[in-house]
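First the structure, in the form of structure tokens, and then the observations on it.
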Amino acid sequence: MTADFTAPCAPTLQRPGDFVIAVVGPTASGKSDLALDLASALPEFLESGAGEIVSADAFQLYRGMDIGTAKTPLEERRGIPHHQIDVLNVKEEASVTRYQQAARADLADIRGRGGLSVVAGGSGLYQRALLDVIDFPGTDPRVRAALEAEAEGPSGSRGLHARLESLDPVSASRIDPRNTRRIIRALEVIELTGRPYSSHMPERLFQRPSIMLAIRHDLEVLDERIRIRTARMFTDGLIEETRELMKEGLEEGRTARRATGYAEAIAVVKGEMNEDEAQNCVELATRQLARRQIKWLRPDPRVFWLEADDPAPLKDRAIALVREAVDAAMERGAVEIAEGDARQE
């Protein structure tokens, strides 16, 4: 497979270690393990400093939300630094704008240390906020408060989603009717700018030379991986973790409380459903999430899909693809420099 970075890479690549490797894709596909493998192995191949991982998972931002977000335990991180994990308490509201600023600062710091950045996570908007040339419209507390109050009313988030569908069908098709926060943000932007929220999504253009890798499983296989992981979460103590987080104000957190797994676990703690019902709900919601993540990535031609059932080792295939992409970007950079020198003569 030949990597063509002529269009998606605007900046010139001067040093292989400046390349950003992103492992994206649906939940339970194996992103964390592949990211660890690449952060461990690629520095030698690219002659860069140590690999570091920057998370692009909206819910791994929260301290204490470990089991339900499948956060890699500290003892399994192989000594590799992880960024944008455990930076918020459960009462705080996550902000993609704030994430963009902090995560890009992490990339700059890693680059300054001569290290290699590996981005890993399945939150599509957070991936684009970090990797792409994109600016976000401002906010208005009064508009936001009015929409939040409406979301708490009889029609709830589905009523707001119906309004979004009438104003911006493209955005409505991309946003889960239960994702109140994103619906509110879309309606806020529409009210403030007079333009559809979808019109603010930029072209697919990387801010820095990058590659996106995703692992593709047959859907039946992915569903089974989700079933196994969901069962393990409950066995490992999701309900107990949620009970402790509720003491820290989880129910007050507008973002955290709605995370798949925690919303259902809260219902168990409050006696509104039993564990079997909660586990079934989490499994279904996670399958639906995985399909939305696939749908989000499928139209993006920059994503290189690695087939999970290919007999060749996944890590080896990923490394080969990254090296090919880096070589192509370096060659393009050399051509641009030569052309620039020629124009100056």
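Order determines the names: the first chain of the structure tokens is A, the second B, and so forth; residues in each chain are numbered 1 upward, and ligands are numbered 1 upward as they are shown.
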Using DSSP on the backbone, list every residue of segment 29-229 of chain A that comes out as strand (DSSP E), and give them as an MDAnalysis selection string. chainID A and resid 51:55 82:83 116:120 210:216
Show which residues sit within 12 Å of segment 158-172 of chain A, as a PyMOL selection string. Count only C-alpha atoms, and ignore same-chain residues fewer than 5 positions away. chain A and resi 146-153+177-191+194-201+296
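The nearest approach to Leu36 of chain A among the residues A:Arg63, A:Leu306, A:Leu222, A:Lys315, with only C-alpha atoms taken into account, belongs to A:Lys315.
When only C-alpha atoms are used to measure the gap to Ser117 of chain A, the shortest distance among A:Ala103, A:Gln14, A:Val303, A:Ala263 belongs to A:Ala103.
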So which residues of segment 124-334 of chain A fall under helix (DSSP H, G or I) by DSSP, listed as a PyMOL selection string? chain A and resi 124-131+141-151+156-167+169-174+180-193+197-200+219-236+238-247+250-252+256-258+262-269+275-297+314-334
Need to verify the contact set: Gln101 of chain A, 10 Å, only C-alpha atoms, exclusion of same-chain residues closer than 4 positions in sequence. Can you return it as JSON, numbers by chain? {"A": [96, 97, 105, 106, 129, 130]}
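Distances from A:Arg98, A:Arg128, A:Arg15, A:Arg204 to Pro299 of chain A were compared using only C-alpha atoms, and the smallest one belongs to A:Arg204.
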Using only C-alpha atoms, which protein or nucleic acid residues come within 7 Å of segment 209-221 of chain A? Drop anything in the same chain fewer than 2 positions from it, and give the result as an NGL selection string. :A and (9 or 11 or 13 or 19-25 or 29 or 206-207 or 223-225 or 302-308)
Near Glu76 of chain A, within 12 Å and counting only C-alpha atoms, which residues show up once chain neighbours fewer than 5 positions away are dropped, as JSON, numbers by chain? {"A": [32, 33, 36, 37, 71, 81, 82]}
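Computed from the coordinates, the atom CA of Tyr62 of chain A to atom CA of Gly112 of chain A distance equals 26.6 Å.
With atom CA of Tyr262 of chain A on one side and atom CA of Thr242 of chain A on the other, the separation reads 6.5 Å.
Shortest separation to Ser173 of chain A among A:Arg323, A:Ala39, A:Thr139, A:Arg292 occurs at residue A:Arg292, atoms counted being only C-alpha atoms.
Among the candidates A:Gly30, A:Gly49, A:Gly17, A:Gly261, the residue lying nearest to Leu284 of chain A is A:Gly261 (atoms considered: only C-alpha atoms).
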Quick one: everything within 12 Å of Asn274 of chain A, counting only C-alpha atoms, minus sequence neighbours fewer than 5 positions away in the same chain. Send it as a ChimeraX atom specification. /A:234,239,264-269,279-281
Just to be explicit: take each residue in the selection above, keep all heavy atoms, and write the result as a PDB file, in the first residue's frame.
```pdb
ATOM      1  N   PHE A 234     -17.885  -5.312  34.414  1.00  0.00           N
ATOM      2  CA  PHE A 234     -18.750  -5.547  35.577  1.00  0.00           C
ATOM      3  C   PHE A 234     -18.055  -6.471  36.568  1.00  0.00           C
ATOM      4  O   PHE A 234     -18.154  -6.273  37.782  1.00  0.00           O
ATOM      5  CB  PHE A 234     -20.096  -6.118  35.121  1.00  0.00           C
ATOM      6  CG  PHE A 234     -21.040  -5.063  34.620  1.00  0.00           C
ATOM      7  CD1 PHE A 234     -20.950  -4.596  33.313  1.00  0.00           C
ATOM      8  CD2 PHE A 234     -21.994  -4.509  35.454  1.00  0.00           C
ATOM      9  CE1 PHE A 234     -21.802  -3.608  32.838  1.00  0.00           C
ATOM     10  CE2 PHE A 234     -22.860  -3.522  34.995  1.00  0.00           C
ATOM     11  CZ  PHE A 234     -22.756  -3.066  33.679  1.00  0.00           C
ATOM     12  N   ILE A 239     -19.524  -1.262  39.062  1.00  0.00           N
ATOM     13  CA  ILE A 239     -20.540  -0.731  39.975  1.00  0.00           C
ATOM     14  C   ILE A 239     -19.876  -0.105  41.199  1.00  0.00           C
ATOM     15  O   ILE A 239     -20.239   0.997  41.630  1.00  0.00           O
ATOM     16  CB  ILE A 239     -21.526  -1.842  40.412  1.00  0.00           C
ATOM     17  CG1 ILE A 239     -22.198  -2.482  39.186  1.00  0.00           C
ATOM     18  CG2 ILE A 239     -22.573  -1.262  41.366  1.00  0.00           C
ATOM     19  CD1 ILE A 239     -22.964  -1.517  38.316  1.00  0.00           C
ATOM     20  N   GLU A 264     -25.512   3.684  33.211  1.00  0.00           N
ATOM     21  CA  GLU A 264     -26.197   2.442  33.597  1.00  0.00           C
ATOM     22  C   GLU A 264     -25.809   2.007  35.006  1.00  0.00           C
ATOM     23  O   GLU A 264     -26.650   1.523  35.775  1.00  0.00           O
ATOM     24  CB  GLU A 264     -25.867   1.341  32.592  1.00  0.00           C
ATOM     25  CG  GLU A 264     -26.410   1.579  31.192  1.00  0.00           C
ATOM     26  CD  GLU A 264     -25.554   2.532  30.345  1.00  0.00           C
ATOM     27  OE1 GLU A 264     -24.490   3.000  30.844  1.00  0.00           O
ATOM     28  OE2 GLU A 264     -25.933   2.800  29.201  1.00  0.00           O
ATOM     29  N   ALA A 265     -24.534   2.185  35.359  1.00  0.00           N
ATOM     30  CA  ALA A 265     -24.084   1.804  36.701  1.00  0.00           C
ATOM     31  C   ALA A 265     -24.731   2.692  37.771  1.00  0.00           C
ATOM     32  O   ALA A 265     -25.060   2.218  38.871  1.00  0.00           O
ATOM     33  CB  ALA A 265     -22.558   1.897  36.783  1.00  0.00           C
ATOM     34  N   ILE A 266     -24.925   3.965  37.456  1.00  0.00           N
ATOM     35  CA  ILE A 266     -25.630   4.852  38.388  1.00  0.00           C
ATOM     36  C   ILE A 266     -27.039   4.323  38.644  1.00  0.00           C
ATOM     37  O   ILE A 266     -27.522   4.314  39.783  1.00  0.00           O
ATOM     38  CB  ILE A 266     -25.679   6.293  37.828  1.00  0.00           C
ATOM     39  CG1 ILE A 266     -24.294   6.943  37.893  1.00  0.00           C
ATOM     40  CG2 ILE A 266     -26.686   7.143  38.607  1.00  0.00           C
ATOM     41  CD1 ILE A 266     -24.212   8.288  37.185  1.00  0.00           C
ATOM     42  N   ALA A 267     -27.690   3.866  37.576  1.00  0.00           N
ATOM     43  CA  ALA A 267     -29.046   3.327  37.719  1.00  0.00           C
ATOM     44  C   ALA A 267     -29.054   2.093  38.618  1.00  0.00           C
ATOM     45  O   ALA A 267     -29.993   1.885  39.402  1.00  0.00           O
ATOM     46  CB  ALA A 267     -29.621   2.987  36.347  1.00  0.00           C
ATOM     47  N   VAL A 268     -28.000   1.269  38.553  1.00  0.00           N
ATOM     48  CA  VAL A 268     -27.909   0.099  39.426  1.00  0.00           C
ATOM     49  C   VAL A 268     -27.749   0.528  40.880  1.00  0.00           C
ATOM     50  O   VAL A 268     -28.438   0.025  41.779  1.00  0.00           O
ATOM     51  CB  VAL A 268     -26.729  -0.812  39.005  1.00  0.00           C
ATOM     52  CG1 VAL A 268     -26.526  -1.933  40.024  1.00  0.00           C
ATOM     53  CG2 VAL A 268     -26.983  -1.405  37.622  1.00  0.00           C
ATOM     54  N   VAL A 269     -26.844   1.469  41.105  1.00  0.00           N
ATOM     55  CA  VAL A 269     -26.601   1.949  42.474  1.00  0.00           C
ATOM     56  C   VAL A 269     -27.888   2.533  43.075  1.00  0.00           C
ATOM     57  O   VAL A 269     -28.178   2.332  44.256  1.00  0.00           O
ATOM     58  CB  VAL A 269     -25.478   3.005  42.487  1.00  0.00           C
ATOM     59  CG1 VAL A 269     -25.337   3.635  43.875  1.00  0.00           C
ATOM     60  CG2 VAL A 269     -24.152   2.370  42.064  1.00  0.00           C
ATOM     61  N   GLN A 279     -25.787  -4.522  32.305  1.00  0.00           N
ATOM     62  CA  GLN A 279     -24.758  -5.086  31.429  1.00  0.00           C
ATOM     63  C   GLN A 279     -25.278  -5.206  30.005  1.00  0.00           C
ATOM     64  O   GLN A 279     -24.558  -4.890  29.035  1.00  0.00           O
ATOM     65  CB  GLN A 279     -24.314  -6.445  31.956  1.00  0.00           C
ATOM     66  CG  GLN A 279     -23.161  -7.058  31.155  1.00  0.00           C
ATOM     67  CD  GLN A 279     -22.578  -8.276  31.832  1.00  0.00           C
ATOM     68  OE1 GLN A 279     -22.480  -8.335  33.049  1.00  0.00           O
ATOM     69  NE2 GLN A 279     -22.169  -9.255  31.032  1.00  0.00           N
ATOM     70  N   ASN A 280     -26.526  -5.637  29.849  1.00  0.00           N
ATOM     71  CA  ASN A 280     -27.108  -5.738  28.511  1.00  0.00           C
ATOM     72  C   ASN A 280     -27.217  -4.369  27.845  1.00  0.00           C
ATOM     73  O   ASN A 280     -26.941  -4.222  26.646  1.00  0.00           O
ATOM     74  CB  ASN A 280     -28.483  -6.400  28.583  1.00  0.00           C
ATOM     75  CG  ASN A 280     -28.411  -7.875  28.921  1.00  0.00           C
ATOM     76  OD1 ASN A 280     -27.396  -8.528  28.655  1.00  0.00           O
ATOM     77  ND2 ASN A 280     -29.462  -8.416  29.514  1.00  0.00           N
ATOM     78  N   CYS A 281     -27.605  -3.363  28.636  1.00  0.00           N
ATOM     79  CA  CYS A 281     -27.733  -2.004  28.097  1.00  0.00           C
ATOM     80  C   CYS A 281     -26.377  -1.453  27.673  1.00  0.00           C
ATOM     81  O   CYS A 281     -26.254  -0.815  26.619  1.00  0.00           O
ATOM     82  CB  CYS A 281     -28.368  -1.077  29.132  1.00  0.00           C
ATOM     83  SG  CYS A 281     -30.134  -1.344  29.409  1.00  0.00           S
TER      84      CYS A 281
END
```
How many Å lie between atom CA of Val119 of chain A and atom CA of Ile85 of chain A, rounded to one decimal?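 Computed distance, atom CA of Val119 of chain A to atom CA of Ile85 of chain A, equals 12.0 Å.
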